[in-house]
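Below: protein-v1.cif (mmCIF, C-alpha atoms)
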```
data_start
#
loop_
_atom_site.label_atom_id
_atom_site.label_comp_id
_atom_site.auth_asym_id
_atom_site.auth_seq_id
_atom_site.Cartn_x
_atom_site.Cartn_y
_atom_site.Cartn_z
CA MET A 6 88.41 100.75 105.81
CA PRO A 7 90.06 101.86 109.09
CA ALA A 8 90.68 105.58 109.09
CA ASP A 9 94.11 105.31 110.72
CA LEU A 10 95.66 103.77 107.58
CA SER A 11 97.67 106.13 105.41
CA PRO A 12 96.26 106.95 101.95
CA ILE A 13 99.02 104.87 100.32
CA ASP A 14 98.27 101.85 102.52
CA LYS A 15 94.58 102.17 101.68
CA ALA A 16 95.46 102.17 97.97
CA LYS A 17 97.71 99.13 98.33
CA TYR A 18 95.05 97.30 100.28
CA ALA A 19 92.36 98.04 97.68
CA ALA A 20 94.62 96.75 94.88
CA ALA A 21 95.47 93.62 96.83
CA ARG A 22 91.84 92.83 97.60
CA ARG A 23 90.78 93.20 93.99
CA ALA A 24 93.67 91.13 92.61
CA LEU A 25 92.73 88.23 94.87
CA ASP A 26 89.43 87.92 93.01
CA LEU A 27 91.57 86.20 90.39
CA VAL A 28 92.57 83.43 92.81
CA GLU A 29 90.44 80.31 92.57
CA ASP A 30 90.24 77.15 94.63
CA GLY A 31 93.05 74.70 93.87
CA MET A 32 95.39 77.25 92.29
CA LYS A 33 99.15 77.39 92.73
CA VAL A 34 99.97 81.05 93.38
CA GLY A 35 103.26 82.94 93.44
CA LEU A 36 103.42 85.24 96.47
CA GLY A 37 105.36 88.45 95.95
CA THR A 38 107.61 90.37 98.32
CA GLY A 39 107.32 93.93 99.61
CA SER A 40 104.84 96.16 101.38
CA THR A 41 102.08 95.89 98.77
CA ALA A 42 102.52 92.13 98.39
CA ALA A 43 102.30 91.77 102.18
CA TRP A 44 98.75 93.18 102.03
CA MET A 45 97.94 90.57 99.41
CA VAL A 46 99.33 87.73 101.53
CA ARG A 47 97.30 88.90 104.54
CA CYS A 48 94.12 89.10 102.46
CA LEU A 49 94.85 85.65 101.04
CA GLY A 50 95.32 84.27 104.53
CA GLU A 51 91.93 85.68 105.47
CA ARG A 52 90.30 83.87 102.55
CA VAL A 53 92.03 80.63 103.52
CA ARG A 54 90.75 80.92 107.11
CA GLU A 55 87.29 82.34 106.49
CA GLU A 56 86.32 80.72 103.17
CA GLY A 57 88.28 77.48 103.32
CA LEU A 58 90.06 78.47 100.11
CA ARG A 59 92.53 75.75 99.12
CA ILE A 60 95.60 77.15 97.42
CA THR A 61 99.30 76.40 97.33
CA GLY A 62 101.64 79.37 97.71
CA VAL A 63 105.15 79.73 96.33
CA PRO A 64 106.85 82.64 98.14
CA THR A 65 109.48 84.85 96.52
CA SER A 66 111.49 85.47 99.69
CA SER A 67 112.10 84.08 103.15
CA ARG A 68 110.12 87.03 104.56
CA THR A 69 107.05 86.22 102.49
CA ALA A 70 107.36 82.53 103.32
CA ALA A 71 107.36 83.28 107.05
CA LEU A 72 104.31 85.57 106.77
CA ALA A 73 102.37 83.05 104.66
CA ARG A 74 103.02 80.21 107.10
CA GLN A 75 101.99 82.44 110.01
CA LEU A 76 98.67 83.08 108.27
CA GLY A 77 97.98 79.41 107.56
CA ILE A 78 98.79 79.39 103.84
CA GLU A 79 100.32 76.18 102.53
CA VAL A 80 103.82 76.98 101.27
CA VAL A 81 105.90 74.89 98.86
CA THR A 82 108.98 75.50 96.75
CA LEU A 83 108.81 76.24 93.05
CA ASP A 84 110.49 72.89 92.37
CA GLU A 85 107.62 71.20 94.19
CA ALA A 86 104.95 73.28 92.44
CA LYS A 87 106.58 72.98 88.97
CA TRP A 88 104.38 75.64 87.36
CA LEU A 89 102.02 78.28 88.72
CA ASP A 90 98.59 79.50 87.69
CA LEU A 91 99.19 83.05 88.87
CA THR A 92 101.74 85.29 90.56
CA ILE A 93 100.68 88.47 92.36
CA ASP A 94 103.42 90.93 93.27
CA GLY A 95 104.11 94.62 93.67
CA ALA A 96 106.43 96.85 91.66
CA ASP A 97 108.66 99.83 92.36
CA GLU A 98 107.79 101.34 88.97
CA PHE A 99 105.74 100.41 85.92
CA ASP A 100 105.24 102.13 82.57
CA ALA A 101 102.51 102.12 79.93
CA GLU A 102 103.91 98.93 78.34
CA MET A 103 103.88 97.20 81.74
CA ASN A 104 107.66 97.10 81.92
CA LEU A 105 108.66 97.04 85.57
CA ILE A 106 111.43 97.90 87.96
CA LYS A 107 111.42 95.52 90.92
CA GLY A 108 113.87 94.64 93.64
CA GLY A 109 113.42 97.37 96.21
CA GLY A 110 112.87 94.56 98.71
CA ALA A 111 116.04 92.73 97.57
CA ALA A 112 114.07 89.72 96.25
CA LEU A 113 114.26 90.41 92.52
CA LEU A 114 115.85 87.10 91.53
CA GLN A 115 113.24 84.87 93.13
CA GLU A 116 110.51 87.28 92.06
CA LYS A 117 111.54 87.06 88.42
CA ILE A 118 111.94 83.28 88.46
CA VAL A 119 108.53 82.76 90.06
CA ALA A 120 106.75 85.29 87.81
CA SER A 121 108.29 83.72 84.70
CA ALA A 122 107.06 80.29 85.79
CA SER A 123 103.42 81.47 85.94
CA ASP A 124 100.58 81.52 83.46
CA ARG A 125 99.91 85.13 84.50
CA MET A 126 101.72 87.79 86.49
CA VAL A 127 99.55 90.46 88.10
CA VAL A 128 101.10 93.58 89.57
CA ILE A 129 99.36 95.40 92.40
CA ALA A 130 100.34 99.01 93.04
CA ASP A 131 99.27 102.47 94.07
CA ALA A 132 99.09 105.16 91.38
CA ALA A 133 102.42 106.71 92.41
CA LYS A 134 104.24 103.69 90.97
CA GLU A 135 103.20 104.56 87.39
CA VAL A 136 105.82 106.52 85.43
CA ALA A 137 106.17 107.79 81.87
CA GLN A 138 109.69 106.30 81.71
CA LEU A 139 111.39 103.91 84.08
CA GLY A 140 114.44 104.97 86.02
CA ALA A 141 113.55 107.39 88.80
CA PHE A 142 113.63 104.43 91.19
CA PRO A 143 117.17 103.01 91.41
CA LEU A 144 117.52 99.88 89.28
CA PRO A 145 118.69 96.91 91.38
CA VAL A 146 121.23 94.53 89.85
CA GLU A 147 121.99 91.33 91.75
CA VAL A 148 125.62 90.25 91.48
CA VAL A 149 127.74 87.41 92.86
CA THR A 150 130.01 88.47 95.70
CA PHE A 151 133.18 87.21 94.02
CA GLY A 152 134.76 90.12 92.16
CA TRP A 153 131.75 92.34 92.75
CA GLN A 154 133.79 95.53 92.50
CA THR A 155 135.03 94.50 89.05
CA THR A 156 131.45 93.68 88.04
CA ARG A 157 130.40 97.11 89.24
CA THR A 158 133.12 98.75 87.13
CA VAL A 159 131.99 96.85 84.03
CA ILE A 160 128.38 97.90 84.68
CA GLU A 161 129.45 101.54 84.94
CA GLU A 162 131.37 101.26 81.64
CA LEU A 163 128.32 99.72 79.98
CA LEU A 164 126.10 102.60 81.10
CA ILE A 165 128.21 105.03 79.05
CA SER A 166 126.76 103.53 75.88
CA MET A 167 123.19 103.16 77.19
CA ASP A 168 120.29 105.61 76.82
CA VAL A 169 120.17 106.67 80.47
CA LEU A 170 120.26 110.05 82.16
CA GLY A 171 122.49 109.15 85.14
CA ARG A 172 125.29 106.62 85.68
CA ALA A 173 125.95 106.61 89.44
CA THR A 174 125.97 103.23 91.20
CA SER A 175 125.97 102.17 94.85
CA LEU A 176 126.32 98.94 96.78
CA ARG A 177 123.18 98.33 98.81
CA LEU A 178 123.89 98.14 102.52
CA ASN A 179 122.22 96.60 105.54
CA GLY A 180 123.40 98.97 108.22
CA SER A 181 127.14 99.32 107.72
CA GLN A 182 127.55 95.99 105.91
CA PRO A 183 126.62 94.89 102.38
CA LEU A 184 123.08 93.60 102.13
CA VAL A 185 123.09 89.89 101.31
CA THR A 186 120.13 88.44 99.39
CA ASP A 187 118.43 85.13 100.14
CA GLU A 188 120.73 83.57 97.53
CA GLY A 189 123.89 84.99 99.10
CA HIS A 190 124.46 87.76 96.54
CA TYR A 191 125.01 91.53 96.68
CA ILE A 192 122.84 94.20 95.05
CA ILE A 193 124.23 97.15 93.12
CA ASP A 194 121.69 99.95 92.68
CA LEU A 195 121.93 101.96 89.45
CA HIS A 196 120.82 105.59 89.79
CA LEU A 197 119.80 106.20 86.18
CA ASN A 198 116.98 108.78 86.56
CA ARG A 199 115.62 107.81 83.13
CA ILE A 200 115.91 104.60 81.09
CA GLY A 201 115.32 105.27 77.41
CA ASN A 202 115.36 101.63 76.27
CA PRO A 203 114.62 99.20 79.12
CA ARG A 204 114.75 96.12 76.88
CA ALA A 205 118.22 96.93 75.53
CA LEU A 206 119.55 97.69 79.00
CA ALA A 207 118.16 94.46 80.45
CA LEU A 208 119.76 92.39 77.70
CA ALA A 209 123.11 94.16 78.03
CA LEU A 210 123.27 93.82 81.81
CA ASN A 211 122.61 90.10 81.65
CA GLN A 212 125.64 89.65 79.35
CA ILE A 213 128.06 90.84 82.05
CA PRO A 214 129.85 88.05 83.93
CA GLY A 215 129.02 88.33 87.62
CA VAL A 216 125.56 89.77 87.03
CA VAL A 217 122.93 87.31 88.19
CA GLU A 218 119.83 89.29 87.22
CA SER A 219 118.53 92.84 86.93
CA GLY A 220 115.34 94.33 88.33
CA LEU A 221 114.01 95.11 84.86
CA PHE A 222 110.97 92.92 84.21
CA ILE A 223 110.27 92.99 80.47
CA ASP A 224 107.40 91.04 78.83
CA ILE A 225 106.53 89.36 82.14
CA CYS A 226 103.62 91.37 83.57
CA ASP A 227 100.15 90.61 82.16
CA MET A 228 97.92 92.83 84.27
CA VAL A 229 98.23 95.81 86.61
CA VAL A 230 95.73 96.54 89.36
CA ILE A 231 96.10 100.14 90.56
CA GLY A 232 94.51 100.98 93.89
CA GLY A 233 93.20 104.30 95.11
CA SER A 234 92.87 105.53 98.69
CA ASP A 235 89.08 105.71 98.29
CA GLY A 236 88.81 102.01 97.41
CA ARG A 237 88.63 102.57 93.67
CA VAL A 238 90.79 100.37 91.48
CA GLU A 239 91.80 100.49 87.84
CA ILE A 240 92.53 97.19 86.10
CA ARG A 241 94.69 97.19 82.99
CA ASP A 242 94.87 93.93 81.04
CA LEU A 243 97.74 93.81 78.55
CA HIS A 244 96.33 90.93 76.50
CA THR A 245 92.77 92.18 76.07
CA GLY A 246 93.80 95.83 75.91
CA THR A 247 90.99 96.70 78.30
CA ILE A 248 90.98 99.21 81.15
CA THR A 249 88.22 98.87 83.72
CA GLN A 250 87.45 100.75 86.91
CA GLU A 251 85.75 99.30 89.96
CA LEU A 252 85.09 100.07 93.60
CA VAL A 253 86.34 97.63 96.22
CA GLU A 254 83.92 97.40 99.14
CA ILE A 255 85.93 97.40 102.35
CA SER A 256 84.45 97.46 105.85
CA GLU A 257 86.19 98.64 108.99
CA ASP A 258 85.77 95.26 110.68
CA ASP A 259 87.67 93.30 108.00
CA ASN A 260 89.46 90.50 109.84
CA ILE A 261 92.74 91.24 108.10
CA PHE A 262 93.33 94.25 110.31
CA GLY A 263 93.53 92.06 113.36
CA ASP A 264 96.72 90.54 111.93
CA ILE A 265 98.54 93.82 111.50
CA ASP A 266 101.11 94.76 114.10
#
```

Rewrite the coordinates I just gave you, this time as structure tokens.
Amino acid sequence: MPADLSPIDKAKYAAARRALDLVEDGMKVGLGTGSTAAWMVRCLGERVREEGLRITGVPTSSRTAALARQLGIEVVTLDEAKWLDLTIDGADEFDAEMNLIKGGGAALLQEKIVASASDRMVVIADAAKEVAQLGAFPLPVEVVTFGWQTTRTVIEELLISMDVLGRATSLRLNGSQPLVTDEGHYIIDLHLNRIGNPRALALALNQIPGVVESGLFIDICDMVVIGGSDGRVEIRDLHTGTITQELVEISEDDNIFGDID
């Protein structure tokens, strides 16, 4: 592995490489969004070029779609694919029950739709993403632009009755303007510090008119692959209850590094 990569990037890369062992010829694969998922897409593109791997990718954002096409991966919409064998994506946080917070890359809606339309969802992450309780990372909530300030007020009122440590909210910006998602929505970030009952909060948020979806992924993730900077990975399978540790062999002349700007 090239020495000029940061320890976190090395960990993300190791997790991505190991997760792609699950991808088989002919599969339809959901392609996640974010820095860790980008490593996975680059590794997948290498397999497509070098091994002749035939897969169909369903991206979870316009950014991921552009990267996949650049790397020669066949890209289709979820409507065209219908159902997926596997989705591989990153996470901003995950806990022991494999509950997730996602949406730091503003793609939570497509990410959740694609993951839910898959036989398996595999999360790839570095060890820093594991937490005892969700909430240190701000929870993204995607909302329609119409009446968004009223929706934000209702969310803040809801948080009074929820088991959370903080209740501050903020509109996510892109420079000085509101960030607009691929679907034309805004994102309100909830600064909760600790979420005592993620399932209850997810259900309550989705009852608010104007809320499209929250970044709480409950009962969606099936496996977590945690990468280490030394190439070691830990694989946690929710359904088998197994935890295995492996070493990913990575050479400094891996072709993937030629694609990195």

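Each of A:Arg59, A:Arg177, A:His196, A:Lys117 was compared to Ala96 in chain A using all atoms listed in the file, and A:Lys117 turns out to be the nearest.
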
I need the residue nearest Arg125 in chain A from this list: A:Val229, A:Ala19, A:Ile255, A:Ala173. Use only C-alpha atoms for the distance.
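Distance minimum relative to Arg125 in chain A lands on A:Val229.
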
Computed interatomic separation between CA of Pro12 in chain A and CA of Lys134 in chain A (Å):
14.0 Å

Nearest residue to Asp187 in chain A from the set A:Asp97, A:Glu147, A:Asp235, A:Asp124 (distances using all atoms listed in the file):
A:Glu147

Since I can't run it myself right now, could you work out what the PyMOL selection byres ((chain A and resi 100-107) around 10) selects here and report it as a ChimeraX atom specification?
/A:38-39,94-99,108-114,116-117,128,134-146,203-204,219-229,241-243

Output of the above residues as a tab-separated table (two decimals), keeping the file's coordinate frame, restricted to C-alpha atoms:
```tsv
chain	number	residue	atom	x	y	z
A	38	THR	CA	107.61	90.37	98.32
A	39	GLY	CA	107.32	93.93	99.61
A	94	ASP	CA	103.42	90.93	93.27
A	95	GLY	CA	104.11	94.62	93.67
A	96	ALA	CA	106.43	96.85	91.66
A	97	ASP	CA	108.66	99.83	92.36
A	98	GLU	CA	107.79	101.34	88.97
A	99	PHE	CA	105.74	100.41	85.92
A	108	GLY	CA	113.87	94.64	93.64
A	109	GLY	CA	113.42	97.37	96.21
A	110	GLY	CA	112.87	94.56	98.71
A	111	ALA	CA	116.04	92.73	97.57
A	112	ALA	CA	114.07	89.72	96.25
A	113	LEU	CA	114.26	90.41	92.52
A	114	LEU	CA	115.85	87.10	91.53
A	116	GLU	CA	110.51	87.28	92.06
A	117	LYS	CA	111.54	87.06	88.42
A	128	VAL	CA	101.10	93.58	89.57
A	134	LYS	CA	104.24	103.69	90.97
A	135	GLU	CA	103.20	104.56	87.39
A	136	VAL	CA	105.82	106.52	85.43
A	137	ALA	CA	106.17	107.79	81.87
A	138	GLN	CA	109.69	106.30	81.71
A	139	LEU	CA	111.39	103.91	84.08
A	140	GLY	CA	114.44	104.97	86.02
A	141	ALA	CA	113.55	107.39	88.80
A	142	PHE	CA	113.63	104.43	91.19
A	143	PRO	CA	117.17	103.01	91.41
A	144	LEU	CA	117.52	99.88	89.28
A	145	PRO	CA	118.69	96.91	91.38
A	146	VAL	CA	121.23	94.53	89.85
A	203	PRO	CA	114.62	99.20	79.12
A	204	ARG	CA	114.75	96.12	76.88
A	219	SER	CA	118.53	92.84	86.93
A	220	GLY	CA	115.34	94.33	88.33
A	221	LEU	CA	114.01	95.11	84.86
A	222	PHE	CA	110.97	92.92	84.21
A	223	ILE	CA	110.27	92.99	80.47
A	224	ASP	CA	107.40	91.04	78.83
A	225	ILE	CA	106.53	89.36	82.14
A	226	CYS	CA	103.62	91.37	83.57
A	227	ASP	CA	100.15	90.61	82.16
A	228	MET	CA	97.92	92.83	84.27
A	229	VAL	CA	98.23	95.81	86.61
A	241	ARG	CA	94.69	97.19	82.99
A	242	ASP	CA	94.87	93.93	81.04
A	243	LEU	CA	97.74	93.81	78.55
```

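When the PyMOL selection byres ((chain A and resi 54) around 12) is run on the displayed coordinates, the residues it returns are A:Arg47, A:Cys48, A:Leu49, A:Gly50, A:Glu51, A:Arg52, A:Val53, A:Glu55, A:Glu56, A:Gly57, A:Leu58, A:Arg59, A:Ile60, A:Gln75, A:Leu76, A:Gly77, A:Ile78, A:Glu79, A:Asn260, A:Ile261.
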
Under the rule of at most 12 Å, produce a per-residue listing of range 110-158 of chain A near range 81-87 of chain A: chain, number, name, the closest pair of atoms, and the distance in Å, as CSV, using only C-alpha atoms.
```
residue,atom,partner,partner_atom,distance
A:Gln115,CA,A:Leu83,CA,9.7
A:Glu116,CA,A:Leu83,CA,11.2
A:Ile118,CA,A:Leu83,CA,9.0
A:Val119,CA,A:Leu83,CA,7.2
A:Ala120,CA,A:Leu83,CA,10.7
A:Ser121,CA,A:Leu83,CA,11.2
A:Ala122,CA,A:Lys87,CA,8.0
A:Ser123,CA,A:Lys87,CA,9.6
A:Asp124,CA,A:Lys87,CA,11.8
```

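Distances from A:Met45, A:Ile248, A:His190, A:Leu164 to Ala207 in chain A were compared using all atoms listed in the file, and the smallest one belongs to A:Leu164.
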
Just want the 10 Å neighbourhood of Thr155 in chain A, counted on all atoms listed in the file, with same-chain residues fewer than 5 positions away dropped. Output as a ChimeraX atom specification.
/A:160-161,214-215

Please produce a file of the residues just selected, as a short mmCIF file (atom, residue, chain, number, x, y, z; two decimals), in the coordinates of the input, where the atoms kept are C-alpha atoms.
```cif
data_model
loop_
_atom_site.label_atom_id
_atom_site.label_comp_id
_atom_site.auth_asym_id
_atom_site.auth_seq_id
_atom_site.Cartn_x
_atom_site.Cartn_y
_atom_site.Cartn_z
CA ILE A 160 128.38 97.90 84.68
CA GLU A 161 129.45 101.54 84.94
CA PRO A 214 129.85 88.05 83.93
CA GLY A 215 129.02 88.33 87.62
#
```

Matched chain/residue IDs from the PyMOL selection byres ((chain A and resi 24) around 12), as a PyMOL selection string:
chain A and resi 17-23+25-29+34+41-42+44-46+48-49+91-95+125-130+228-232+238-242+251+253

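The smallest atom-to-atom distance between Arg237 in chain A and any of A:Leu176, A:Leu252, A:Leu184, A:Val149, using only C-alpha atoms, is found for A:Leu252.
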
At what distance in Å, to one decimal, does CA of Gly189 in chain A lie from CA of Thr150 in chain A?
7.8 Å

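The space between CA of Pro183 in chain A and CA of Gly152 in chain A spans 13.9 Å.
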
May I ask which of the residues A:Glu188, A:Gly180, A:Lys33, A:Gln154 is the closest one to Ser67 in chain A, counting only C-alpha atoms?
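Of all the options, A:Glu188 lies closest to Ser67 in chain A.
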
Could you pull the residues within 9 Å of Asn202 in chain A, counting only C-alpha atoms, minus those fewer than 2 positions along the same chain, as a list of chain:residue names?
A:Met167, A:Asp168, A:Val169, A:Ile200, A:Arg204, A:Ala205, A:Leu206, A:Ala207

Could you name the residues that touch Leu178 in chain A at 10 Å or less, counting all atoms listed in the file, but leaving out those on the same chain fewer than 4 positions away, as a ChimeraX atom specification?
/A:182-185,191-193
